[in-house]
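S.K.: For reference, this is target-v5.txt, and it has compact mmCIF, C-alpha atoms.
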# COMPACT_ATOMS: atom_id res chain seq x y z
CA MET A 1 20.34 1.77 -0.67
CA THR A 2 23.95 1.21 -1.58
CA ALA A 3 25.63 -1.43 -3.67
CA SER A 4 28.85 -1.54 -1.63
CA SER A 5 27.80 -3.57 1.39
CA HIS A 6 27.91 -7.32 1.78
CA ARG A 7 25.48 -7.45 4.70
CA PRO A 8 22.55 -9.80 4.08
CA PRO A 9 19.16 -8.17 3.60
CA PRO A 10 17.40 -7.53 6.93
CA LEU A 11 14.61 -10.11 6.48
CA GLN A 12 16.79 -12.91 5.12
CA GLY A 13 15.84 -16.20 6.73
CA LEU A 14 12.19 -15.22 7.19
CA ARG A 15 9.71 -17.50 5.41
CA ILE A 16 6.21 -16.24 4.69
CA LEU A 17 3.30 -18.20 3.24
CA ASP A 18 1.14 -15.86 1.17
CA LEU A 19 -2.43 -16.97 0.44
CA THR A 20 -3.65 -13.51 -0.56
CA ARG A 21 -4.92 -12.25 -3.90
CA LEU A 22 -5.41 -8.99 -5.77
CA LEU A 23 -3.76 -5.96 -4.09
CA PRO A 24 -3.44 -5.41 -0.31
CA GLY A 25 -1.90 -8.73 0.70
CA PRO A 26 0.29 -9.29 -2.36
CA LEU A 27 1.79 -5.81 -2.06
CA ALA A 28 2.41 -6.35 1.67
CA THR A 29 4.32 -9.56 1.02
CA GLN A 30 6.19 -7.98 -1.91
CA HIS A 31 7.45 -5.29 0.47
CA LEU A 32 8.72 -8.04 2.78
CA ALA A 33 10.23 -9.99 -0.10
CA ASP A 34 12.05 -6.88 -1.32
CA TYR A 35 13.84 -6.73 2.04
CA GLY A 36 14.92 -10.36 1.91
CA ALA A 37 12.04 -12.51 3.15
CA GLU A 38 11.32 -15.76 1.30
CA VAL A 39 7.70 -15.46 0.21
CA ILE A 40 5.88 -18.52 -1.08
CA LYS A 41 2.72 -17.55 -2.92
CA VAL A 42 0.25 -20.36 -2.33
CA GLU A 43 -2.46 -20.57 -5.00
CA ASP A 44 -5.24 -23.06 -5.61
CA THR A 45 -5.10 -25.44 -8.54
CA GLY A 46 -7.88 -23.56 -10.34
CA ALA A 47 -7.94 -19.84 -11.06
CA GLY A 48 -5.42 -18.94 -8.37
CA ASP A 49 -4.80 -15.23 -8.01
CA TYR A 50 -7.12 -13.85 -10.69
CA ALA A 51 -5.16 -10.59 -10.68
CA ARG A 52 -2.94 -12.41 -13.17
CA THR A 53 -5.43 -11.56 -15.92
CA MET A 54 -6.94 -8.28 -14.65
CA GLY A 55 -6.45 -5.22 -16.85
CA ALA A 56 -3.85 -4.59 -19.52
CA MET A 57 -1.57 -7.54 -20.16
CA GLY A 58 2.21 -7.40 -20.22
CA GLY A 59 2.92 -10.78 -21.75
CA ASP A 60 1.36 -13.77 -19.96
CA THR A 61 0.22 -11.76 -16.94
CA SER A 62 -1.27 -8.35 -16.30
CA TYR A 63 0.86 -5.34 -15.46
CA PHE A 64 -1.19 -5.03 -12.25
CA TYR A 65 -0.14 -8.53 -11.17
CA GLN A 66 3.48 -8.01 -12.12
CA VAL A 67 4.01 -4.86 -10.04
CA VAL A 68 2.82 -6.44 -6.77
CA ASN A 69 4.20 -9.98 -7.01
CA ARG A 70 7.94 -9.82 -7.73
CA ASN A 71 10.51 -11.75 -5.70
CA LYS A 72 8.13 -14.58 -4.74
CA LYS A 73 8.01 -18.31 -5.28
CA SER A 74 4.78 -19.97 -6.39
CA LEU A 75 3.17 -23.19 -5.19
CA ARG A 76 -0.16 -24.51 -6.42
CA VAL A 77 -2.00 -26.78 -3.98
CA ASP A 78 -5.61 -27.79 -3.37
CA LEU A 79 -6.18 -26.98 0.30
CA LYS A 80 -9.60 -28.66 0.20
CA HIS A 81 -7.97 -32.03 -0.50
CA PRO A 82 -6.75 -33.89 2.61
CA ASP A 83 -3.33 -34.43 1.06
CA GLY A 84 -3.13 -30.74 0.10
CA LYS A 85 -4.02 -29.68 3.61
CA ALA A 86 -1.40 -32.08 5.04
CA LEU A 87 1.24 -30.68 2.70
CA PHE A 88 0.37 -27.15 3.70
CA LEU A 89 0.65 -27.95 7.40
CA ARG A 90 4.13 -29.34 6.74
CA LEU A 91 5.01 -26.02 5.15
CA VAL A 92 3.55 -24.23 8.15
CA GLN A 93 6.00 -26.00 10.45
CA GLU A 94 8.89 -24.35 8.58
CA ALA A 95 7.29 -20.91 8.22
CA ASP A 96 7.53 -17.74 10.29
CA ALA A 97 4.33 -16.10 9.07
CA LEU A 98 1.17 -16.78 7.12
CA VAL A 99 -0.93 -14.10 5.41
CA GLU A 100 -4.49 -14.62 4.22
CA GLY A 101 -7.19 -12.31 2.96
CA PHE A 102 -10.37 -14.38 2.96
CA ARG A 103 -13.57 -13.48 4.78
CA PRO A 104 -13.62 -14.47 8.45
CA GLY A 105 -14.31 -18.19 8.88
CA VAL A 106 -13.11 -19.37 5.47
CA MET A 107 -9.76 -20.63 6.73
CA ASP A 108 -11.47 -22.29 9.70
CA LYS A 109 -13.73 -24.21 7.30
CA LEU A 110 -10.61 -25.47 5.55
CA GLY A 111 -9.25 -26.62 8.91
CA LEU A 112 -6.46 -24.05 8.58
CA GLY A 113 -7.61 -21.29 10.92
CA TYR A 114 -5.29 -19.74 13.45
CA GLU A 115 -5.84 -22.35 16.17
CA ALA A 116 -5.11 -25.24 13.82
CA VAL A 117 -2.06 -23.59 12.31
CA ALA A 118 -0.70 -22.50 15.70
CA ALA A 119 -1.06 -26.08 16.92
CA ALA A 120 1.29 -27.13 14.10
CA ASN A 121 3.68 -24.21 14.73
CA PRO A 122 3.16 -22.23 17.95
CA ARG A 123 5.61 -19.50 16.89
CA ILE A 124 3.88 -18.64 13.61
CA VAL A 125 2.49 -15.17 13.02
CA TYR A 126 -0.89 -15.52 11.33
CA CYS A 127 -2.07 -12.34 9.61
CA SER A 128 -5.66 -11.98 8.43
CA ILE A 129 -6.47 -9.00 6.19
CA THR A 130 -10.15 -8.13 5.84
CA GLY A 131 -12.28 -5.08 5.20
CA TYR A 132 -13.89 -4.88 8.62
CA GLY A 133 -11.89 -7.21 10.84
CA GLN A 134 -12.56 -10.62 12.37
CA THR A 135 -15.27 -9.37 14.74
CA GLY A 136 -18.18 -6.95 14.79
CA PRO A 137 -21.52 -6.73 12.95
CA TYR A 138 -19.88 -5.97 9.57
CA ALA A 139 -17.22 -8.68 9.73
CA LEU A 140 -18.78 -10.89 7.04
CA ARG A 141 -19.77 -8.10 4.68
CA ALA A 142 -18.23 -7.68 1.26
CA GLY A 143 -16.56 -4.37 0.53
CA HIS A 144 -14.00 -2.36 -1.39
CA ASP A 145 -11.82 0.62 -0.61
CA ILE A 146 -14.67 3.10 -1.16
CA ASN A 147 -16.76 1.27 1.45
CA TYR A 148 -14.00 1.03 4.04
CA ILE A 149 -13.02 4.69 3.92
CA GLY A 150 -16.69 5.63 3.82
CA TYR A 151 -17.32 3.87 7.12
CA ALA A 152 -14.07 5.24 8.57
CA GLY A 153 -15.15 8.87 8.15
CA VAL A 154 -12.29 9.47 5.72
CA LEU A 155 -14.15 9.67 2.41
CA ASP A 156 -16.46 12.36 3.77
CA GLN A 157 -13.51 14.69 4.26
CA ILE A 158 -12.00 14.38 0.78
CA GLY A 159 -13.14 16.88 -1.82
CA THR A 160 -13.96 20.52 -2.42
CA ALA A 161 -16.48 22.73 -0.68
CA GLY A 162 -19.99 22.17 -1.93
CA GLY A 163 -19.01 19.13 -3.96
CA ALA A 164 -19.45 15.42 -3.49
CA PRO A 165 -16.75 13.35 -1.77
CA ALA A 166 -13.84 12.86 -4.17
CA LEU A 167 -12.56 9.47 -5.27
CA SER A 168 -8.89 8.53 -5.50
CA ASN A 169 -7.25 5.65 -7.35
CA LEU A 170 -4.66 5.50 -4.59
CA GLN A 171 -6.69 3.21 -2.37
CA ILE A 172 -6.41 4.58 1.15
CA GLY A 173 -8.08 1.66 2.90
CA ASP A 174 -6.51 -1.06 0.79
CA LEU A 175 -2.98 0.33 0.93
CA LEU A 176 -2.74 2.20 4.23
CA GLY A 177 -4.88 -0.44 5.87
CA GLY A 178 -4.50 -3.73 4.04
CA THR A 179 -0.87 -3.33 2.98
CA MET A 180 1.04 -1.09 5.37
CA ALA A 181 -0.88 -2.02 8.53
CA ALA A 182 -0.36 -5.70 7.68
CA VAL A 183 3.39 -5.18 7.23
CA MET A 184 3.58 -3.31 10.54
CA GLY A 185 1.45 -5.85 12.39
CA MET A 186 3.44 -8.81 11.11
CA LEU A 187 6.81 -7.27 11.92
CA VAL A 188 5.66 -6.34 15.42
CA ALA A 189 4.42 -9.89 16.04
CA LEU A 190 7.52 -11.46 14.46
CA ILE A 191 9.81 -9.52 16.78
CA ASP A 192 7.77 -10.76 19.74
CA ALA A 193 7.74 -14.34 18.42
CA ARG A 194 11.52 -14.40 18.17
CA THR A 195 11.88 -13.51 21.83
CA SER A 196 8.86 -15.32 23.28
CA GLY A 197 8.64 -18.32 20.96
CA ARG A 198 4.92 -17.69 20.53
CA GLY A 199 3.19 -16.20 17.52
CA ARG A 200 -0.02 -14.19 17.38
CA HIS A 201 -3.10 -13.79 15.25
CA VAL A 202 -2.74 -10.37 13.61
CA ASP A 203 -6.24 -9.07 12.82
CA VAL A 204 -5.97 -6.33 10.17
CA SER A 205 -9.12 -4.36 9.38
CA MET A 206 -8.73 -1.97 6.47
CA THR A 207 -11.51 0.18 7.94
CA ASP A 208 -9.86 0.33 11.37
CA ALA A 209 -6.49 1.29 9.89
CA ALA A 210 -7.95 4.08 7.75
CA MET A 211 -9.81 5.54 10.72
CA ALA A 212 -6.75 5.26 12.98
CA HIS A 213 -4.89 7.71 10.71
CA ALA A 214 -7.60 10.36 10.39
CA ILE A 215 -5.69 12.59 12.79
CA PHE A 216 -6.78 16.09 11.81
CA PRO A 217 -10.49 15.21 11.63
CA LEU A 218 -10.18 13.60 15.06
CA ALA A 219 -8.69 16.80 16.47
CA GLU A 220 -11.70 18.69 15.11
CA VAL A 221 -14.11 16.26 16.75
CA LEU A 222 -12.31 16.55 20.08
CA ALA A 223 -12.26 20.34 19.92
CA HIS A 224 -15.68 21.03 18.43
CA GLY A 225 -17.72 17.83 18.64
CA GLY A 226 -17.66 17.30 14.87
CA VAL A 227 -15.60 17.72 11.73
CA ARG A 228 -15.62 20.80 9.56
CA ALA A 229 -17.51 20.58 6.29
CA ARG A 230 -15.57 19.08 3.42
CA GLY A 231 -13.42 21.70 1.72
CA GLU A 232 -13.53 24.09 4.64
CA ASP A 233 -10.75 22.92 6.91
CA LEU A 234 -7.02 23.60 6.90
CA LEU A 235 -6.06 20.88 4.43
CA THR A 236 -8.98 20.76 1.99
CA GLY A 237 -9.08 24.32 0.72
CA GLY A 238 -10.39 26.28 3.67
CA VAL A 239 -7.42 28.66 3.72
CA PRO A 240 -5.53 30.42 0.87
CA CYS A 241 -2.08 29.09 1.76
CA TYR A 242 -2.88 25.42 1.23
CA GLY A 243 -4.63 24.35 -1.92
CA VAL A 244 -4.53 23.50 -5.59
CA TYR A 245 -4.68 26.26 -8.19
CA GLU A 246 -5.33 25.87 -11.92
CA THR A 247 -2.82 27.20 -14.44
CA ALA A 248 -3.34 28.74 -17.88
CA ASP A 249 -2.95 25.37 -19.62
CA GLY A 250 -5.43 23.53 -17.45
CA ARG A 251 -2.74 21.99 -15.23
CA HIS A 252 -2.36 22.74 -11.52
CA MET A 253 0.09 23.98 -8.90
CA ALA A 254 0.07 22.75 -5.31
CA VAL A 255 0.48 25.56 -2.79
CA GLY A 256 1.52 24.20 0.61
CA SER A 257 2.75 27.38 2.28
CA LEU A 258 1.33 26.62 5.72
CA GLU A 259 4.13 28.27 7.71
CA GLU A 260 3.97 32.06 7.76
CA LYS A 261 7.52 32.47 6.41
CA PHE A 262 6.66 30.33 3.38
CA TRP A 263 3.38 32.17 2.77
CA HIS A 264 5.10 35.53 2.92
CA LEU A 265 7.70 34.34 0.44
CA THR A 266 4.95 33.04 -1.83
CA CYS A 267 3.15 36.39 -1.75
CA ASP A 268 6.37 38.26 -2.50
CA THR A 269 7.15 35.94 -5.41
CA LEU A 270 3.69 36.53 -6.83
CA GLY A 271 4.09 40.29 -6.40
CA ARG A 272 1.19 40.41 -3.96
CA PRO A 273 2.55 41.36 -0.51
CA ASP A 274 -0.95 42.68 0.28
CA LEU A 275 -2.15 39.09 0.61
CA LYS A 276 0.21 38.23 3.48
CA ALA A 277 -2.41 39.07 6.09
CA ALA A 278 -4.75 36.45 4.58
CA HIS A 279 -2.40 33.60 5.44
CA LEU A 280 -4.91 31.48 7.40
CA ALA A 281 -7.97 33.59 6.63
CA THR A 282 -11.38 31.97 6.34
CA GLY A 283 -14.79 33.38 5.50
CA GLU A 284 -15.02 36.28 3.08
CA GLU A 285 -11.39 37.32 3.56
CA GLY A 286 -10.14 33.83 2.83
CA ALA A 287 -12.43 33.45 -0.19
CA HIS A 288 -11.20 36.76 -1.59
CA ALA A 289 -7.55 35.74 -1.21
CA ARG A 290 -8.19 32.36 -2.81
CA ASP A 291 -9.91 34.06 -5.74
CA GLU A 292 -6.96 36.42 -6.15
CA LEU A 293 -4.50 33.53 -6.15
CA ALA A 294 -6.65 31.60 -8.59
CA ALA A 295 -6.58 34.51 -11.02
CA ILE A 296 -2.82 34.89 -10.69
CA PHE A 297 -2.07 31.21 -11.30
CA ARG A 298 -4.38 31.14 -14.32
CA SER A 299 -2.19 33.82 -15.93
CA ARG A 300 0.71 31.43 -16.72
CA THR A 301 1.21 27.82 -17.69
CA GLN A 302 2.34 25.19 -15.24
CA ALA A 303 5.80 25.06 -16.84
CA GLN A 304 6.17 28.80 -16.44
CA TRP A 305 5.19 28.63 -12.77
CA VAL A 306 7.63 25.76 -12.21
CA GLU A 307 10.40 27.93 -13.62
CA VAL A 308 9.43 30.70 -11.20
CA PHE A 309 9.08 28.59 -8.06
CA ASP A 310 11.94 26.14 -8.63
CA ALA A 311 14.20 28.90 -7.36
CA VAL A 312 12.01 29.77 -4.36
CA ASP A 313 11.83 27.46 -1.34
CA CYS A 314 8.23 28.09 -0.25
CA CYS A 315 6.37 24.81 -0.86
CA VAL A 316 4.80 25.68 -4.22
CA THR A 317 5.19 22.78 -6.65
CA PRO A 318 3.58 21.30 -9.75
CA VAL A 319 0.87 18.64 -9.70
CA LEU A 320 2.47 15.99 -11.90
CA ARG A 321 0.91 13.13 -13.79
CA LEU A 322 2.38 9.77 -12.80
CA GLU A 323 4.25 9.35 -16.07
CA GLU A 324 5.85 12.75 -15.40
CA ALA A 325 6.61 11.89 -11.79
CA MET A 326 8.42 8.74 -12.96
CA GLU A 327 10.77 10.93 -15.00
CA ASP A 328 11.18 13.66 -12.39
CA ARG A 329 14.81 14.38 -11.49
CA GLN A 330 14.21 13.76 -7.77
CA MET A 331 12.64 10.35 -8.38
CA LEU A 332 15.41 9.42 -10.79
CA ALA A 333 18.09 10.51 -8.34
CA ARG A 334 16.49 8.37 -5.62
CA GLY A 335 16.15 5.33 -7.85
CA ALA A 336 12.40 5.29 -7.22
CA ILE A 337 11.76 3.39 -10.45
CA ARG A 338 13.31 0.10 -11.41
CA GLU A 339 12.89 -2.31 -14.29
CA VAL A 340 11.94 -5.93 -13.65
CA ALA A 341 11.84 -8.28 -16.63
CA GLY A 342 11.32 -5.32 -18.94
CA VAL A 343 8.54 -3.76 -16.87
CA ARG A 344 9.10 -0.43 -15.11
CA GLN A 345 7.80 -0.43 -11.57
CA PHE A 346 8.31 1.16 -8.17
CA SER A 347 11.35 0.41 -6.04
CA PRO A 348 10.96 -0.56 -2.38
CA PRO A 349 9.60 2.51 -0.59
CA VAL A 350 12.18 2.70 2.21
CA ARG A 351 15.92 3.12 1.66
CA MET A 352 18.37 1.60 4.14
CA SER A 353 22.09 1.88 4.70
CA GLU A 354 24.26 -1.09 3.80
CA LEU A 355 21.49 -2.72 1.81
CA GLU A 356 22.47 -3.90 -1.63
CA THR A 357 20.08 -3.58 -4.50
CA ALA A 358 19.92 -7.27 -5.20
CA ALA A 359 18.80 -8.92 -8.41
CA VAL A 360 15.02 -8.78 -8.60
CA ALA A 361 13.01 -11.82 -9.62
CA ALA A 362 10.07 -11.36 -11.96
CA PRO A 363 6.67 -12.64 -10.80
CA SER A 364 6.55 -16.42 -10.90
CA ARG A 365 4.33 -18.46 -13.14
CA ALA A 366 1.53 -20.19 -11.24
CA GLY A 367 3.08 -23.23 -9.57
CA GLU A 368 6.54 -22.54 -10.98
CA HIS A 369 8.33 -23.59 -7.78
CA SER A 370 6.00 -26.40 -6.73
CA ASP A 371 8.49 -29.21 -7.33
CA GLU A 372 11.32 -27.29 -5.63
CA ILE A 373 9.21 -26.57 -2.54
CA LEU A 374 7.85 -30.12 -2.31
CA ARG A 375 11.29 -31.67 -2.64
CA ALA A 376 12.50 -29.41 0.19
CA LEU A 377 9.76 -31.02 2.30
CA GLY A 378 11.28 -34.44 1.57
CA LEU A 379 8.96 -35.61 -1.20
CA GLY A 380 10.44 -37.67 -4.02
CA ASP A 381 9.58 -37.61 -7.71
CA ALA A 382 7.10 -40.48 -7.33
CA ASP A 383 5.29 -38.67 -4.49
CA ILE A 384 5.08 -35.47 -6.51
CA ALA A 385 3.83 -37.34 -9.57
CA ARG A 386 1.11 -39.02 -7.48
CA LEU A 387 -0.02 -35.69 -6.01
CA ARG A 388 -0.07 -34.08 -9.43
CA ALA A 389 -2.09 -36.96 -10.90
CA ALA A 390 -4.61 -36.57 -8.08
CA GLY A 391 -4.92 -32.83 -8.72
CA VAL A 392 -3.50 -31.94 -5.31
CA VAL A 393 -0.70 -29.80 -6.79
The structure given in the file should be rewritten as structure tokens.

M.R.:
Amino acid sequence: MTASSHRPPPLQGLRILDLTRLLPGPLATQHLADYGAEVIKVEDTGAGDYARTMGAMGGDTSYFYQVVNRNKKSLRVDLKHPDGKALFLRLVQEADALVEGFRPGVMDKLGLGYEAVAAANPRIVYCSITGYGQTGPYALRAGHDINYIGYAGVLDQIGTAGGAPALSNLQIGDLLGGTMAAVMGMLVALIDARTSGRGRHVDVSMTDAAMAHAIFPLAEVLAHGGVRARGEDLLTGGVPCYGVYETADGRHMAVGSLEEKFWHLTCDTLGRPDLKAAHLATGEEGAHARDELAAIFRSRTQAQWVEVFDAVDCCVTPVLRLEEAMEDRQMLARGAIREVAGVRQFSPPVRMSELETAAVAAPSRAGEHSDEILRALGLGDADIARLRAAGVV
């Protein structure tokens, strides 16, 4: 991003109604808001998005909530009340997209399912984010990331040989599926809606999206009828040139020397040219080479190995903790971290030419923009006071 352009952000003029909570949906709409979309976070008049109070607090709201809800407006409205539903449908008429993350059928029970909303605004893109999708025998089941990637065949492949599947706090299903697939699906449908005048129901299944990106395991199934055992394939420790090796201080180095030229350079740097032939070795030869590398890396600290390999372009790098990554010179040079209302958080993930780094709005208080949004719909002070007295907003 540059600060020299006066071009408007690419999604300026796009209005999105966000009914989601917790992580996948809010992060998806934050990505869109960061690129200029107007996102109105629609919360009920009770608890609203309970992520506000989940985990460590940074003032009135949790850090978790703050890092996935910047640049949004907030409206509180009771969608179960006839007047609340009517208000929402008026908002729908002015919106380009709606995002919800309830179980299938919940929005229909409110009278705000896709058919009802499309009747009010035929060009709206209606995105539903669920664990298993709108159809199928699991559609109404509860679940979390661990369940989605378990069903997708992804969890089975993560981990070391002979060990149990490994867990990650970077939620593959929630983020690859619920966040990034939702962003992609909405943008695809929005492009179509602008040319055709007709929106679509975008059905995002976190399980489907995780499975759709399991490319290397799929290649194994096509070639051999099944996947290799966990920890025994190319990317999970089955070969010496691609793996994680412990250092003398209990830290780790990531060796990603898949290409032969990089592996040869790695071996030369380690003073072990005899290991070059074991590049992609498996079985006993591969195990022997991995053991030799493990012994070598345990002979120095991570900092010492970084000093060695910083000068050698062969894909051998440190495994950093997040707090270290946030201070890494590459991340700092890219502006990967920004501060919003005193809280350090991640910048938008994609850089673009001629896109100014605009002022960033902190997460809104629940209902902070209710009056502003209602007045824009044509409601006067007396109308707003009546709705507030009735508990509608």

S.K.: Which of these, A:Met352, A:Leu176, A:Val227, A:Val392, has the shortest distance to A:Leu87 once you count all atoms listed in the file?

M.R.: A:Val392

S.K.: So what do you get for atom CA of A:Arg344 versus atom CA of A:Leu75, distance-wise?

M.R.: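 These two atoms are separated by 25.5 Å.
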
S.K.: Excluding same-chain residues fewer than 2 positions from stretch 36-49 of chain A, what lies within 7 Å of it counting only C-alpha atoms, as a PDB file with C-alpha atoms, keeping the file's coordinate frame?

M.R.:
ATOM      1  CA  PRO A   9      19.160  -8.170   3.600  1.00  0.00           C
ATOM      2  CA  PRO A  10      17.400  -7.530   6.930  1.00  0.00           C
ATOM      3  CA  LEU A  11      14.610 -10.110   6.480  1.00  0.00           C
ATOM      4  CA  GLN A  12      16.790 -12.910   5.120  1.00  0.00           C
ATOM      5  CA  GLY A  13      15.840 -16.200   6.730  1.00  0.00           C
ATOM      6  CA  LEU A  14      12.190 -15.220   7.190  1.00  0.00           C
ATOM      7  CA  ARG A  15       9.710 -17.500   5.410  1.00  0.00           C
ATOM      8  CA  ILE A  16       6.210 -16.240   4.690  1.00  0.00           C
ATOM      9  CA  LEU A  17       3.300 -18.200   3.240  1.00  0.00           C
ATOM     10  CA  ASP A  18       1.140 -15.860   1.170  1.00  0.00           C
ATOM     11  CA  LEU A  19      -2.430 -16.970   0.440  1.00  0.00           C
ATOM     12  CA  ARG A  21      -4.920 -12.250  -3.900  1.00  0.00           C
ATOM     13  CA  LEU A  22      -5.410  -8.990  -5.770  1.00  0.00           C
ATOM     14  CA  THR A  29       4.320  -9.560   1.020  1.00  0.00           C
ATOM     15  CA  LEU A  32       8.720  -8.040   2.780  1.00  0.00           C
ATOM     16  CA  ALA A  33      10.230  -9.990  -0.100  1.00  0.00           C
ATOM     17  CA  ASP A  34      12.050  -6.880  -1.320  1.00  0.00           C
ATOM     18  CA  ALA A  51      -5.160 -10.590 -10.680  1.00  0.00           C
ATOM     19  CA  ARG A  52      -2.940 -12.410 -13.170  1.00  0.00           C
ATOM     20  CA  LYS A  72       8.130 -14.580  -4.740  1.00  0.00           C
ATOM     21  CA  LYS A  73       8.010 -18.310  -5.280  1.00  0.00           C
ATOM     22  CA  SER A  74       4.780 -19.970  -6.390  1.00  0.00           C
ATOM     23  CA  LEU A  75       3.170 -23.190  -5.190  1.00  0.00           C
ATOM     24  CA  ARG A  76      -0.160 -24.510  -6.420  1.00  0.00           C
ATOM     25  CA  VAL A  77      -2.000 -26.780  -3.980  1.00  0.00           C
ATOM     26  CA  ASP A  78      -5.610 -27.790  -3.370  1.00  0.00           C
ATOM     27  CA  VAL A 393      -0.700 -29.800  -6.790  1.00  0.00           C
TER      28      VAL A 393
END

S.K.: Just how far from atom CA of A:Ala281 is atom CA of A:Asp233, in Å to one decimal?

M.R.: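 Atom CA of A:Ala281 lies 11.0 Å from atom CA of A:Asp233.
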
S.K.: I'd like to know which of A:Ala212, A:Met331, A:Leu190, A:Ala361 is closest to A:Val154, using all atoms listed in the file.

M.R.: A:Ala212

S.K.: Just the residues within 12 Å of A:Ile296, please, counting only C-alpha atoms, with nothing from its chain fewer than 3 positions along; format it as a ChimeraX atom specification.

M.R.: /A:245-248,253,266-267,269-272,289-293,299-302,305

S.K.: Pull C-alpha atoms for stretch 268-281 of chain A from the block and write them as a PDB file, in the first residue's frame.

M.R.:
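Written output follows (selection.pdb):
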ATOM      1  CA  ASP A 268      27.416 -27.821   2.055  1.00  0.00           C
ATOM      2  CA  THR A 269      26.585 -25.202   4.679  1.00  0.00           C
ATOM      3  CA  LEU A 270      26.294 -27.900   7.312  1.00  0.00           C
ATOM      4  CA  GLY A 271      29.589 -29.435   6.204  1.00  0.00           C
ATOM      5  CA  ARG A 272      27.866 -32.659   5.216  1.00  0.00           C
ATOM      6  CA  PRO A 273      28.099 -33.049   1.416  1.00  0.00           C
ATOM      7  CA  ASP A 274      27.729 -36.808   1.978  1.00  0.00           C
ATOM      8  CA  LEU A 275      24.035 -36.259   2.722  1.00  0.00           C
ATOM      9  CA  LYS A 276      23.244 -34.803  -0.708  1.00  0.00           C
ATOM     10  CA  ALA A 277      22.188 -38.183  -2.075  1.00  0.00           C
ATOM     11  CA  ALA A 278      19.523 -38.447   0.644  1.00  0.00           C
ATOM     12  CA  HIS A 279      17.613 -35.449  -0.683  1.00  0.00           C
ATOM     13  CA  LEU A 280      14.225 -37.174  -1.067  1.00  0.00           C
ATOM     14  CA  ALA A 281      15.196 -40.447   0.584  1.00  0.00           C
TER      15      ALA A 281
END
